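**Student:** Next comes query_10.cif, mmCIF, C-alpha atoms:
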data_run
loop_
_atom_site.label_atom_id
_atom_site.label_comp_id
_atom_site.auth_asym_id
_atom_site.auth_seq_id
_atom_site.Cartn_x
_atom_site.Cartn_y
_atom_site.Cartn_z
CA MET A 1 17.52 92.25 -79.33
CA GLU A 2 19.53 89.08 -78.81
CA VAL A 3 20.84 88.62 -75.29
CA LYS A 4 24.20 86.87 -75.12
CA GLN A 5 24.17 83.80 -72.92
CA GLU A 6 26.88 83.22 -70.37
CA PRO A 7 28.77 80.03 -71.29
CA SER A 8 29.70 77.36 -68.79
CA LEU A 9 33.44 76.80 -68.96
CA GLU A 10 33.75 73.89 -66.56
CA ALA A 11 35.73 71.59 -68.87
CA VAL A 12 38.63 71.90 -71.31
CA SER A 13 36.33 71.22 -74.28
CA SER A 14 34.12 74.18 -73.35
CA VAL A 15 37.16 76.46 -73.10
CA GLU A 16 38.31 75.34 -76.55
CA GLU A 17 34.84 76.13 -77.84
CA TYR A 18 34.96 79.54 -76.16
CA PHE A 19 38.12 80.45 -78.06
CA ARG A 20 36.60 79.21 -81.33
CA GLN A 21 33.35 81.13 -80.87
CA SER A 22 34.76 84.29 -79.29
CA PRO A 23 34.91 87.60 -81.16
CA ASP A 24 37.64 88.01 -83.76
CA ASN A 25 39.55 90.45 -81.60
CA LEU A 26 40.22 87.69 -79.05
CA SER A 27 41.56 85.25 -81.62
CA SER A 28 43.72 88.01 -83.08
CA ARG A 29 44.97 89.00 -79.65
CA PHE A 30 46.45 85.57 -78.98
CA PRO A 31 48.27 83.19 -81.34
CA SER A 32 47.15 79.65 -81.97
CA ILE A 33 46.46 77.52 -78.92
CA SER A 34 48.56 74.40 -78.54
CA ALA A 35 47.11 73.08 -75.28
CA ILE A 36 44.66 73.88 -72.47
CA MET A 37 45.27 72.33 -69.06
CA PRO A 38 43.01 72.55 -65.99
CA MET A 39 44.71 74.03 -62.93
CA ARG A 40 44.56 72.48 -59.50
CA GLY A 41 44.69 74.25 -56.17
CA GLY A 42 42.01 76.93 -56.46
CA GLY A 43 38.63 76.12 -54.97
CA VAL A 44 36.53 79.09 -56.06
CA ASN A 45 36.73 79.25 -59.87
CA PHE A 46 37.44 77.11 -62.91
CA THR A 47 41.01 77.89 -63.92
CA TYR A 48 43.10 76.77 -66.88
CA ARG A 49 46.63 77.25 -68.19
CA VAL A 50 46.52 78.09 -71.90
CA HIS A 51 49.62 77.27 -73.97
CA PHE A 52 50.18 79.18 -77.18
CA GLY A 53 51.97 77.95 -80.26
CA GLU A 54 53.64 81.32 -80.69
CA PRO A 55 54.47 83.84 -77.96
CA PHE A 56 52.57 87.08 -77.76
CA LYS A 57 53.85 90.42 -76.56
CA HIS A 58 52.48 92.51 -73.72
CA ARG A 59 53.83 95.77 -72.39
CA SER A 60 53.85 96.22 -68.63
CA HIS A 61 55.87 98.17 -66.08
CA GLY A 62 57.67 100.06 -68.79
CA ARG A 63 58.89 97.09 -70.79
CA GLN A 64 57.56 94.63 -73.32
CA ARG A 65 57.64 90.93 -72.54
CA GLN A 66 56.84 87.77 -74.43
CA HIS A 67 54.47 85.17 -72.99
CA ASN A 68 54.12 81.54 -74.02
CA THR A 69 51.28 80.79 -71.60
CA ALA A 70 48.42 82.58 -69.87
CA ILE A 71 45.84 81.79 -67.19
CA LEU A 72 42.13 81.74 -68.00
CA LYS A 73 39.65 82.02 -65.13
CA HIS A 74 35.94 81.40 -65.42
CA TYR A 75 33.64 82.53 -62.60
CA SER A 76 30.56 80.44 -61.93
CA PRO A 77 27.69 81.56 -59.64
CA ASN A 78 28.87 79.13 -56.96
CA ILE A 79 32.19 78.40 -55.31
CA ALA A 80 33.62 75.47 -57.26
CA ALA A 81 34.92 73.49 -54.26
CA THR A 82 31.90 74.20 -52.04
CA PRO A 83 28.92 74.66 -54.41
CA GLN A 84 26.55 75.02 -51.46
CA PHE A 85 27.88 78.59 -51.21
CA THR A 86 26.68 81.03 -53.84
CA PHE A 87 29.02 83.82 -54.89
CA ASN A 88 27.73 86.26 -57.50
CA ASN A 89 29.92 85.91 -60.56
CA ASN A 90 30.10 89.65 -61.04
CA ARG A 91 33.19 89.16 -58.89
CA GLN A 92 34.94 88.74 -62.24
CA CYS A 93 34.49 92.48 -62.85
CA PHE A 94 36.06 93.34 -59.50
CA GLU A 95 39.09 91.13 -60.04
CA ALA A 96 39.60 92.60 -63.50
CA LEU A 97 39.36 96.09 -61.99
CA ALA A 98 41.87 95.17 -59.30
CA LEU A 99 44.39 93.84 -61.82
CA LYS A 100 44.08 97.01 -63.89
CA GLU A 101 43.80 99.71 -61.24
CA ILE A 102 45.60 98.69 -58.05
CA PRO A 103 49.08 98.70 -59.67
CA LYS A 104 48.47 102.35 -60.54
CA PHE A 105 48.06 103.17 -56.85
CA THR A 106 51.08 101.19 -55.63
CA ALA A 107 53.57 101.63 -58.49
CA SER A 108 55.30 104.62 -56.90
CA GLU A 109 56.35 102.66 -53.80
CA ALA A 110 59.97 101.81 -54.64
CA THR A 111 60.47 99.64 -51.56
CA LEU A 112 57.87 97.19 -52.88
CA GLU A 113 59.45 96.57 -56.27
CA HIS A 114 59.33 92.79 -55.77
CA VAL A 115 55.59 92.72 -54.94
CA ARG A 116 53.24 92.73 -57.92
CA ILE A 117 49.91 91.45 -59.08
CA PRO A 118 49.44 89.68 -62.43
CA ASP A 119 48.94 91.66 -65.62
CA LEU A 120 45.46 91.50 -67.15
CA PHE A 121 45.43 90.47 -70.82
CA TRP A 122 41.70 90.10 -71.53
CA GLU A 123 38.31 90.45 -69.83
CA ASP A 124 34.86 89.30 -70.90
CA ASP A 125 32.06 90.34 -68.55
CA VAL A 126 29.48 88.35 -70.52
CA ALA A 127 31.27 85.01 -70.35
CA ARG A 128 32.68 85.94 -66.90
CA VAL A 129 36.23 85.29 -68.05
CA ILE A 130 39.57 86.93 -67.56
CA ILE A 131 42.86 85.96 -69.19
CA MET A 132 45.91 87.08 -67.27
CA GLU A 133 49.63 86.66 -66.82
CA ASP A 134 50.87 83.21 -65.87
CA VAL A 135 53.12 83.90 -62.91
CA ILE A 136 54.13 80.21 -62.61
CA PRO A 137 55.08 79.53 -66.22
CA PRO A 138 56.29 76.01 -67.07
CA ALA A 139 60.00 75.69 -66.40
CA ARG A 140 62.32 76.17 -69.35
CA LEU A 141 65.80 75.17 -68.26
CA GLU A 142 68.69 76.57 -70.26
CA ASP A 143 72.42 76.75 -69.84
CA ALA A 144 72.88 79.72 -67.51
CA PRO A 145 74.58 80.50 -64.22
CA SER A 146 71.20 80.95 -62.53
CA LEU A 147 67.71 79.49 -62.53
CA LEU A 148 64.42 81.17 -61.66
CA GLU A 149 61.85 78.90 -60.03
CA SER A 150 58.31 80.11 -59.40
CA MET A 151 55.97 78.35 -56.99
CA ILE A 152 53.00 78.79 -54.70
CA PHE A 153 54.31 80.22 -51.44
CA ARG A 154 52.32 77.62 -49.48
CA ASP A 155 54.26 74.83 -51.19
CA PHE A 156 57.57 76.58 -50.56
CA CYS A 157 56.75 76.85 -46.85
CA LYS A 158 56.01 73.14 -46.57
CA THR A 159 59.71 72.42 -47.12
CA ALA A 160 61.19 75.64 -45.73
CA ASN A 161 62.30 74.04 -42.46
CA GLU A 162 64.77 71.98 -44.48
CA SER A 163 67.28 74.84 -44.50
CA PRO A 164 67.95 78.13 -42.69
CA GLU A 165 68.18 79.82 -46.09
CA LYS A 166 64.60 78.86 -46.95
CA ILE A 167 63.36 80.05 -43.56
CA GLN A 168 65.11 83.36 -44.14
CA ILE A 169 63.48 83.73 -47.56
CA ALA A 170 60.05 82.90 -46.14
CA CYS A 171 60.43 85.56 -43.45
CA GLN A 172 61.64 88.09 -46.03
CA VAL A 173 58.53 87.38 -48.10
CA GLY A 174 56.41 87.80 -44.96
CA SER A 175 58.01 91.18 -44.28
CA ALA A 176 57.43 92.33 -47.88
CA LEU A 177 53.79 91.26 -47.68
CA GLY A 178 53.33 93.12 -44.39
CA GLN A 179 54.68 96.29 -45.98
CA TYR A 180 52.41 95.81 -48.99
CA LEU A 181 49.31 95.37 -46.82
CA ALA A 182 50.16 98.49 -44.83
CA LEU A 183 50.32 100.42 -48.11
CA LEU A 184 47.13 98.85 -49.50
CA HIS A 185 45.22 99.69 -46.32
CA THR A 186 46.14 103.38 -46.54
CA LEU A 187 45.54 104.09 -50.24
CA ASP A 188 42.54 106.30 -49.47
CA HIS A 189 44.87 108.77 -47.78
CA GLY A 190 45.83 110.07 -51.22
CA PRO A 191 43.93 112.53 -53.42
CA VAL A 192 40.21 111.81 -53.69
CA SER A 193 40.49 111.63 -57.47
CA THR A 194 42.79 108.63 -57.23
CA ALA A 195 41.14 106.86 -54.30
CA PRO A 196 39.90 103.35 -55.19
CA ARG A 197 36.86 103.45 -52.86
CA ALA A 198 34.49 104.25 -55.71
CA LEU A 199 35.70 101.17 -57.58
CA PHE A 200 35.52 98.53 -54.86
CA ALA A 201 33.39 99.61 -51.87
CA HIS A 202 30.18 98.37 -53.50
CA HIS A 203 31.47 94.79 -53.69
CA VAL A 204 29.04 93.81 -50.95
CA GLU A 205 28.96 90.17 -52.07
CA ALA A 206 32.62 89.70 -51.10
CA ARG A 207 31.89 90.87 -47.55
CA ARG A 208 28.87 88.57 -47.34
CA VAL A 209 30.87 85.49 -48.36
CA CYS A 210 33.74 86.40 -46.01
CA ALA A 211 31.31 86.74 -43.09
CA LEU A 212 29.44 83.55 -43.97
CA THR A 213 32.53 81.35 -44.31
CA ALA A 214 34.33 82.66 -41.22
CA PHE A 215 31.48 83.18 -38.75
CA GLY A 216 28.18 81.91 -40.13
CA ASP A 217 28.42 78.23 -39.27
CA PHE A 218 30.65 78.30 -36.21
CA LEU A 219 28.05 77.10 -33.72
CA GLY A 220 26.75 74.55 -36.22
CA SER A 221 30.26 73.12 -36.58
CA LEU A 222 30.66 72.88 -32.82
CA ASP A 223 27.38 71.00 -32.54
CA ARG A 224 28.34 68.57 -35.31
CA PHE A 225 31.73 67.98 -33.67
CA GLY A 226 30.05 67.18 -30.36
CA VAL A 227 31.51 70.15 -28.47
CA GLU A 228 29.37 70.66 -25.37
CA LEU A 229 28.83 74.28 -24.41
CA GLU A 230 27.51 75.89 -21.27
CA ILE A 231 24.64 78.32 -21.76
CA ASP A 232 26.92 81.28 -21.04
CA GLN A 233 29.48 79.99 -23.57
CA ARG A 234 26.84 79.62 -26.27
CA HIS A 235 25.52 83.13 -25.61
CA LEU A 236 29.06 84.54 -25.75
CA ILE A 237 29.79 82.83 -29.07
CA GLN A 238 26.48 84.00 -30.52
CA GLU A 239 27.27 87.55 -29.44
CA VAL A 240 30.84 87.53 -30.79
CA MET A 241 30.05 85.80 -34.10
CA GLY A 242 26.97 87.96 -34.60
CA GLY A 243 28.93 91.13 -33.92
CA MET A 244 31.77 90.09 -36.22
CA THR A 245 29.27 89.27 -38.98
CA GLU A 246 27.53 92.62 -38.66
CA GLU A 247 30.83 94.46 -38.67
CA MET A 248 32.05 92.58 -41.74
CA LEU A 249 28.88 93.44 -43.63
CA THR A 250 28.73 97.13 -42.72
CA ASP A 251 32.20 98.43 -41.83
CA GLU A 252 33.79 99.81 -45.03
CA ASP A 253 36.93 100.87 -43.19
CA THR A 254 39.62 100.28 -45.78
CA LEU A 255 40.55 98.59 -49.04
CA VAL A 256 41.26 94.89 -48.47
CA MET A 257 42.38 92.10 -50.75
CA GLY A 258 39.84 89.83 -49.03
CA ASP A 259 41.43 86.41 -49.63
CA PHE A 260 44.94 87.07 -48.39
CA TRP A 261 46.75 83.86 -47.52
CA PHE A 262 49.93 82.12 -48.60
CA GLY A 263 48.10 79.94 -51.12
CA ASN A 264 47.42 83.12 -53.09
CA ILE A 265 51.06 84.21 -53.09
CA ILE A 266 53.42 83.16 -55.89
CA ILE A 267 57.12 83.65 -55.28
CA GLY A 268 59.99 83.56 -57.74
CA VAL A 269 63.24 82.33 -56.21
CA GLN A 270 66.48 82.96 -58.06
CA GLN A 271 69.07 80.21 -57.69
CA THR A 272 72.57 81.44 -58.51
CA TYR A 273 75.34 78.87 -58.83
CA CYS A 274 78.98 79.60 -58.15
CA SER A 275 80.04 76.98 -60.68
CA GLY A 276 78.12 74.95 -63.22
CA SER A 277 74.38 75.24 -63.79
CA LYS A 278 71.14 73.31 -63.79
CA THR A 279 70.09 72.28 -67.29
CA LEU A 280 67.85 69.77 -69.00
CA SER A 281 70.85 67.49 -69.48
CA ASN A 282 72.16 68.18 -65.97
CA PRO A 283 69.03 68.43 -63.76
CA THR A 284 70.92 68.12 -60.48
CA PRO A 285 72.31 71.53 -59.53
CA PRO A 286 75.67 71.94 -57.79
CA THR A 287 75.59 72.44 -54.06
CA ASP A 288 77.42 75.77 -54.07
CA SER A 289 74.41 77.96 -54.81
CA THR A 290 72.60 80.87 -53.20
CA SER A 291 68.92 81.77 -53.27
CA SER A 292 67.26 85.16 -53.38
CA ILE A 293 63.77 86.56 -53.92
CA HIS A 294 63.15 87.56 -57.50
CA SER A 295 59.42 88.31 -57.40
CA ILE A 296 56.30 88.11 -55.25
CA HIS A 297 52.89 88.01 -56.94
CA ILE A 298 49.55 88.28 -55.15
CA ILE A 299 46.81 86.48 -57.08
CA ASP A 300 43.02 85.93 -56.84
CA TRP A 301 41.64 89.41 -56.19
CA GLU A 302 37.95 88.60 -56.61
CA PHE A 303 37.23 89.28 -52.92
CA VAL A 304 38.62 92.83 -53.13
CA THR A 305 36.33 95.21 -51.24
CA TYR A 306 36.18 97.71 -48.40
CA ALA A 307 35.98 96.00 -45.02
CA PRO A 308 37.55 96.04 -41.54
CA ARG A 309 41.33 96.26 -41.93
CA TYR A 310 41.92 93.26 -39.68
CA LEU A 311 40.47 90.96 -42.39
CA ASP A 312 43.61 90.50 -44.50
CA LEU A 313 45.89 90.01 -41.49
CA ALA A 314 43.49 87.67 -39.71
CA HIS A 315 42.78 85.53 -42.77
CA PHE A 316 46.49 85.02 -43.37
CA ALA A 317 47.05 84.18 -39.70
CA ALA A 318 44.07 81.79 -39.57
CA GLU A 319 45.35 79.68 -42.46
CA CYS A 320 48.85 79.64 -40.97
CA TRP A 321 47.36 78.59 -37.60
CA LEU A 322 45.72 75.60 -39.28
CA TYR A 323 48.90 74.59 -41.09
CA ASN A 324 50.88 75.05 -37.88
CA HIS A 325 48.56 72.71 -35.98
CA PHE A 326 48.00 70.08 -38.66
CA TYR A 327 51.38 70.11 -40.41
CA PRO A 328 53.81 70.97 -37.62
CA SER A 329 57.42 71.35 -38.68
CA THR A 330 59.74 73.09 -36.30
CA SER A 331 63.20 74.57 -36.31
CA CYS A 332 65.19 76.34 -33.65
CA GLY A 333 63.07 79.46 -34.18
CA GLY A 334 59.67 77.76 -34.10
CA SER A 335 57.61 76.53 -37.02
CA ILE A 336 57.88 78.23 -40.39
CA TYR A 337 54.22 79.26 -40.09
CA GLN A 338 54.90 80.99 -36.78
CA GLN A 339 57.97 82.81 -38.07
CA LEU A 340 56.33 83.79 -41.36
CA THR A 341 53.21 85.25 -39.76
CA SER A 342 55.19 87.02 -37.07
CA SER A 343 57.38 88.63 -39.76
CA LEU A 344 54.31 89.79 -41.67
CA PHE A 345 52.62 91.29 -38.59
CA LYS A 346 55.80 93.01 -37.43
CA ALA A 347 56.42 94.57 -40.85
CA TYR A 348 52.80 95.69 -41.07
CA ARG A 349 53.03 97.45 -37.74
CA THR A 350 56.43 99.05 -38.36
CA SER A 351 55.09 100.29 -41.73
CA GLY A 352 52.36 102.24 -39.92
CA GLY A 353 49.54 99.68 -39.80
CA THR A 354 47.43 99.14 -36.68
CA ILE A 355 46.42 95.68 -35.45
CA ASP A 356 43.23 94.89 -33.55
CA VAL A 357 44.49 91.86 -31.63
CA GLN A 358 41.09 90.90 -30.24
CA ARG A 359 39.33 90.85 -33.61
CA VAL A 360 42.21 89.04 -35.27
CA ILE A 361 41.84 86.26 -32.68
CA TYR A 362 38.04 86.20 -33.03
CA TYR A 363 38.50 85.74 -36.77
CA ILE A 364 41.13 83.01 -36.38
CA ALA A 365 38.80 81.11 -34.05
CA GLY A 366 35.78 81.49 -36.33
CA HIS A 367 37.77 80.50 -39.41
CA VAL A 368 39.18 77.42 -37.68
CA GLY A 369 35.78 76.22 -36.46
CA CYS A 370 33.99 76.82 -39.75
CA PHE A 371 36.66 75.49 -42.12
CA LEU A 372 37.11 72.29 -40.13
CA GLY A 373 33.43 71.69 -40.84
CA TYR A 374 33.42 72.47 -44.55
CA SER A 375 35.63 69.58 -45.69
CA ASN A 376 37.98 66.78 -44.65
CA ARG A 377 40.93 68.72 -46.02
CA TRP A 378 42.47 69.10 -42.58
CA THR A 379 41.39 65.88 -40.90
CA ASP A 380 38.61 63.33 -41.00
CA ASN A 381 39.30 62.28 -37.41
CA PRO A 382 36.31 63.40 -35.28
CA ILE A 383 38.38 63.39 -32.09
CA VAL A 384 40.96 65.76 -33.58
CA ARG A 385 38.26 68.01 -35.03
CA LYS A 386 36.57 68.26 -31.67
CA ALA A 387 39.84 69.06 -29.90
CA LYS A 388 40.77 71.84 -32.35
CA ALA A 389 37.24 73.27 -32.20
CA LYS A 390 37.49 73.43 -28.40
CA LEU A 391 40.74 75.39 -28.82
CA ALA A 392 38.81 77.86 -30.98
CA VAL A 393 36.18 78.27 -28.26
CA LYS A 394 38.92 78.88 -25.70
CA MET A 395 40.47 81.53 -27.97
CA ILE A 396 37.16 83.39 -28.14
CA GLU A 397 36.70 83.28 -24.38
CA ASP A 398 40.24 84.48 -23.66
CA ALA A 399 40.08 87.22 -26.30
CA GLN A 400 36.76 88.46 -24.94
CA LYS A 401 38.36 88.75 -21.49
CA LYS A 402 41.53 90.19 -23.05
CA ASP A 403 43.46 87.51 -21.22
CA TRP A 404 46.61 87.85 -23.31
CA GLU A 405 48.64 85.68 -20.95
CA ALA A 406 46.29 82.74 -21.55
CA LEU A 407 46.29 83.32 -25.31
CA ARG A 408 50.08 83.31 -25.45
CA LYS A 409 50.12 79.72 -24.22
CA ASP A 410 49.34 78.87 -27.83
CA GLU A 411 52.84 78.86 -29.36
CA PHE A 412 51.54 80.26 -32.64
CA LEU A 413 49.91 83.25 -30.96
CA LEU A 414 52.94 83.72 -28.72
CA ASN A 415 55.10 84.27 -31.80
CA LEU A 416 52.42 86.33 -33.51
CA PHE A 417 51.91 88.86 -30.72
CA ASP A 418 55.36 88.96 -29.16
CA GLU A 419 55.95 92.69 -29.57
CA GLU A 420 55.74 94.65 -26.32
CA ASP A 421 53.47 97.35 -27.69
CA TYR A 422 50.81 94.80 -28.69
CA PHE A 423 49.86 94.42 -25.03
CA PRO A 424 48.67 96.62 -22.14
CA GLU A 425 51.20 98.44 -19.98
CA SER A 426 50.54 96.01 -17.11
CA MET A 427 51.99 93.14 -19.16
CA ARG A 428 55.21 94.85 -20.21
CA GLY A 429 58.60 94.21 -18.67
#
Would you give me this structure, written as structure tokens?
**Tutor:**
Amino acid sequence: MEVKQEPSLEAVSSVEEYFRQSPDNLSSRFPSISAIMPMRGGGVNFTYRVHFGEPFKHRSHGRQRQHNTAILKHYSPNIAATPQFTFNNNRQCFEALALKEIPKFTASEATLEHVRIPDLFWEDDVARVIIMEDVIPPARLEDAPSLLESMIFRDFCKTANESPEKIQIACQVGSALGQYLALLHTLDHGPVSTAPRALFAHHVEARRVCALTAFGDFLGSLDRFGVELEIDQRHLIQEVMGGMTEEMLTDEDTLVMGDFWFGNIIIGVQQTYCSGSKTLSNPTPPTDSTSSIHSIHIIDWEFVTYAPRYLDLAHFAAECWLYNHFYPSTSCGGSIYQQLTSSLFKAYRTSGGTIDVQRVIYYIAGHVGCFLGYSNRWTDNPIVRKAKAKLAVKMIEDAQKKDWEALRKDEFLLNLFDEEDYFPESMRG
């Protein structure tokens, strides 16, 4: 019996060959391909935007839509940006499952009508490929009184401090995401027959990679940065990082997205103009316009699993902490990263979610220390790396002592945990 070999789709030419050699039902599913472009931004997989010569139709959410582009993802056995980390490429099956099944569990929540995940068009568990909805389609400007612009939420936030309207939109997105997480984390409260635990709890590899990248090399990073530790400090860090690792590997508390941060959020912003419009011949829009949220898409579900519920919150906060410290941009209400994360946490809690402050801070500290060591993305200045790593150590020490007053001296954490009921009675009032 012939065993099909998994192709390597690490270049445009190999993707073109994949379409040529794929079964007939794939070529009949999509019209002719006019272009294939590699996508930048993701560091885990090989991702391409596929342009079609003719649009194809796909029915979703009760209506049929036409698509001129789609996204193809290929999953290799290593993380593309950091190939020293292995990541079993059966993660493709879990992402495909998430795209198909999770909307079924969340569709009845009317208050979350703006929050969606991409539609799945095609899956191939031999080639480790999925083809899915392009939620940032190339702009097609036409004469109209409004314009929809889709973008990565991270990129939107980089310029959000330019206007109060953008800050307001960012906080609204944060609130919607907090509500969505609260719903996601309680899906098992429904009938057993519809619970997603059987689908995702056995994705052990996702928990292993999460634990490795957030806790596994923390002490090694400190040593490479030249951070000197007392014996008691080293023992404390070993105990905390070891405990967090063990918990991540074994605690199947709730359904988590697993890679929840604002680089995996795509927002659609509707610009409505009071007079005139933005067109190809008139690319500069009039100033009398208003903006509103049209859509929020959560992408990259390959880390979906069952894990401690703090994971999604803490991962989002950890990335925002890094952006807040390395790309500070402030307004009268604090940086956009502070306001965004605070909005998300507040909405999560008011929607019924519970927050383990201590573990969130442990995770932020571990993530900061480890990710500063993985690449020069944040800084290649050894003095700055050392200083930020020492802040991470201080966070662990203060969180272990539950010294909330000391932790709130960090302006980011002050905004994050500023609700009275996050803290002991002795600190209220």
**Student:** Please indicate the distance in Å from atom CA of A:Ala11 to atom CA of A:Val129, rounded to one decimal place.
**Tutor:** 13.7 Å
**Student:** Evaluate the PyMOL selection byres ((chain A and resi 57) around 12) here and jot the selected residues down as a list in words.
**Tutor:**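 On the file shown, the PyMOL selection byres ((chain A and resi 57) around 12) covers Arg29, Phe30, Pro31, Phe52, Glu54, Pro55, Phe56, His58, Arg59, Ser60, Arg63, Gln64, Arg65, Gln66, His67, Asn68, Thr69, Ala70, Phe121 and Glu133 of chain A.
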**Student:** Provide the atom CA of A:Ile298 to atom CA of A:Asn45 distance in Å, to one decimal place.
**Tutor:**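 Distance reported for this atom pair: 16.4 Å.
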**Student:** Step by step, work through what the PyMOL selection byres ((chain A and resi 392) around 10) selects in the shown file, and finish by giving those residues as an MDAnalysis selection string.
**Tutor:** chainID A and resid 218 222 361:369 386:391 393:398
**Student:** Taking the file as I've supplied it (selection: the PyMOL selection byres ((chain A and resi 178) around 7)), which residues are included? Please answer as a ChimeraX atom specification.
**Tutor:** /A:174-177,179-182,344-345,347-348
**Student:** Could you work out how far atom CA of A:Val50 lies from atom CA of A:Cys93, giving the answer in Å with one decimal?
**Tutor:**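 Result for atom CA of A:Cys93 versus atom CA of A:Val50: 20.8 Å, one decimal.
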**Student:** Show which residues sit within 6 Å of A:Gly53, as an NGL selection string. Count only C-alpha atoms, and ignore same-chain residues fewer than 2 positions away.
**Tutor:** :A and (32-34)
**Student:** Could I get the residues of stretch 8-109 of chain A with an atom no further than 10 Å from an atom of stretch 196-206 of chain A, each paired with its nearest atom pair and that distance in Å to one decimal, using only C-alpha atoms, sorted by chain and residue number, as a Markdown table?
**Tutor:**
| residue | atom | partner | partner_atom | distance |
| --- | --- | --- | --- | --- |
| A:Thr86 | CA | A:Glu205 | CA | 9.6 |
| A:Phe87 | CA | A:Glu205 | CA | 6.9 |
| A:Asn88 | CA | A:Glu205 | CA | 6.8 |
| A:Asn89 | CA | A:Glu205 | CA | 9.5 |
| A:Asn90 | CA | A:Glu205 | CA | 9.1 |
| A:Arg91 | CA | A:Ala206 | CA | 7.8 |
| A:Cys93 | CA | A:His203 | CA | 9.9 |
| A:Phe94 | CA | A:Phe200 | CA | 7.0 |
| A:Glu95 | CA | A:Phe200 | CA | 9.7 |
| A:Leu97 | CA | A:Leu199 | CA | 7.7 |
| A:Ala98 | CA | A:Phe200 | CA | 8.4 |
| A:Glu101 | CA | A:Pro196 | CA | 8.1 |
| A:Ile102 | CA | A:Pro196 | CA | 7.9 |
| A:Phe105 | CA | A:Pro196 | CA | 8.3 |
**Student:** Given the choices A:Phe46, A:Phe417, A:Tyr327, A:Phe260, which gets closest to A:Phe303 if the distance is worked out from all atoms listed in the file?
**Tutor:**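 Nearest to A:Phe303: A:Phe260.
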**Student:** Which residues of stretch 115-223 of chain A come within 10 Å of stretch 13-27 of chain A, and what is each one's closest atom pair and distance in Å (one decimal), counting all atoms listed in the file, sorted by chain and residue number, as JSON lines?
**Tutor:**
{"residue": "A:Trp122", "atom": "CA", "partner": "A:Leu26", "partner_atom": "CA", "distance": 8.0}
{"residue": "A:Glu123", "atom": "CA", "partner": "A:Leu26", "partner_atom": "CA", "distance": 9.8}
{"residue": "A:Asp124", "atom": "CA", "partner": "A:Ser22", "partner_atom": "CA", "distance": 9.8}
{"residue": "A:Ala127", "atom": "CA", "partner": "A:Tyr18", "partner_atom": "CA", "distance": 8.8}
**Student:** For a quick check of understanding, using all atoms listed in the file, which of A:Ile169, A:Val240, A:Ile231, A:Ala35 has the smallest distance to A:Ser291?
**Tutor:**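 Once distances to A:Ser291 are computed over all atoms listed in the file, the minimum belongs to A:Ile169.
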**Student:** Could you write out as lines of an AutoDock Vina configuration file the box around stretch 203-213 of chain A (axis-aligned, all atoms listed in the file, 5 Å on each side), with centre and edge lengths in Å to one decimal?
**Tutor:**
center_x = 31.3
center_y = 88.1
center_z = -48.4
size_x = 14.9
size_y = 23.4
size_z = 20.6
**Student:** Pick from A:Gln339, A:Ser351, A:Ser221, A:Thr47: nearest to A:Leu414, with all atoms listed in the file counted?
**Tutor:**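 Of A:Gln339, A:Ser351, A:Ser221, A:Thr47, the one nearest A:Leu414 is A:Gln339, counting all atoms listed in the file.
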**Student:** Taking all atoms listed in the file into account, which of A:Leu184, A:Ile299, A:Ala170, A:Ile267 comes nearest A:Ile71?
**Tutor:**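 Under the stated criterion, the closest residue is A:Ile299.
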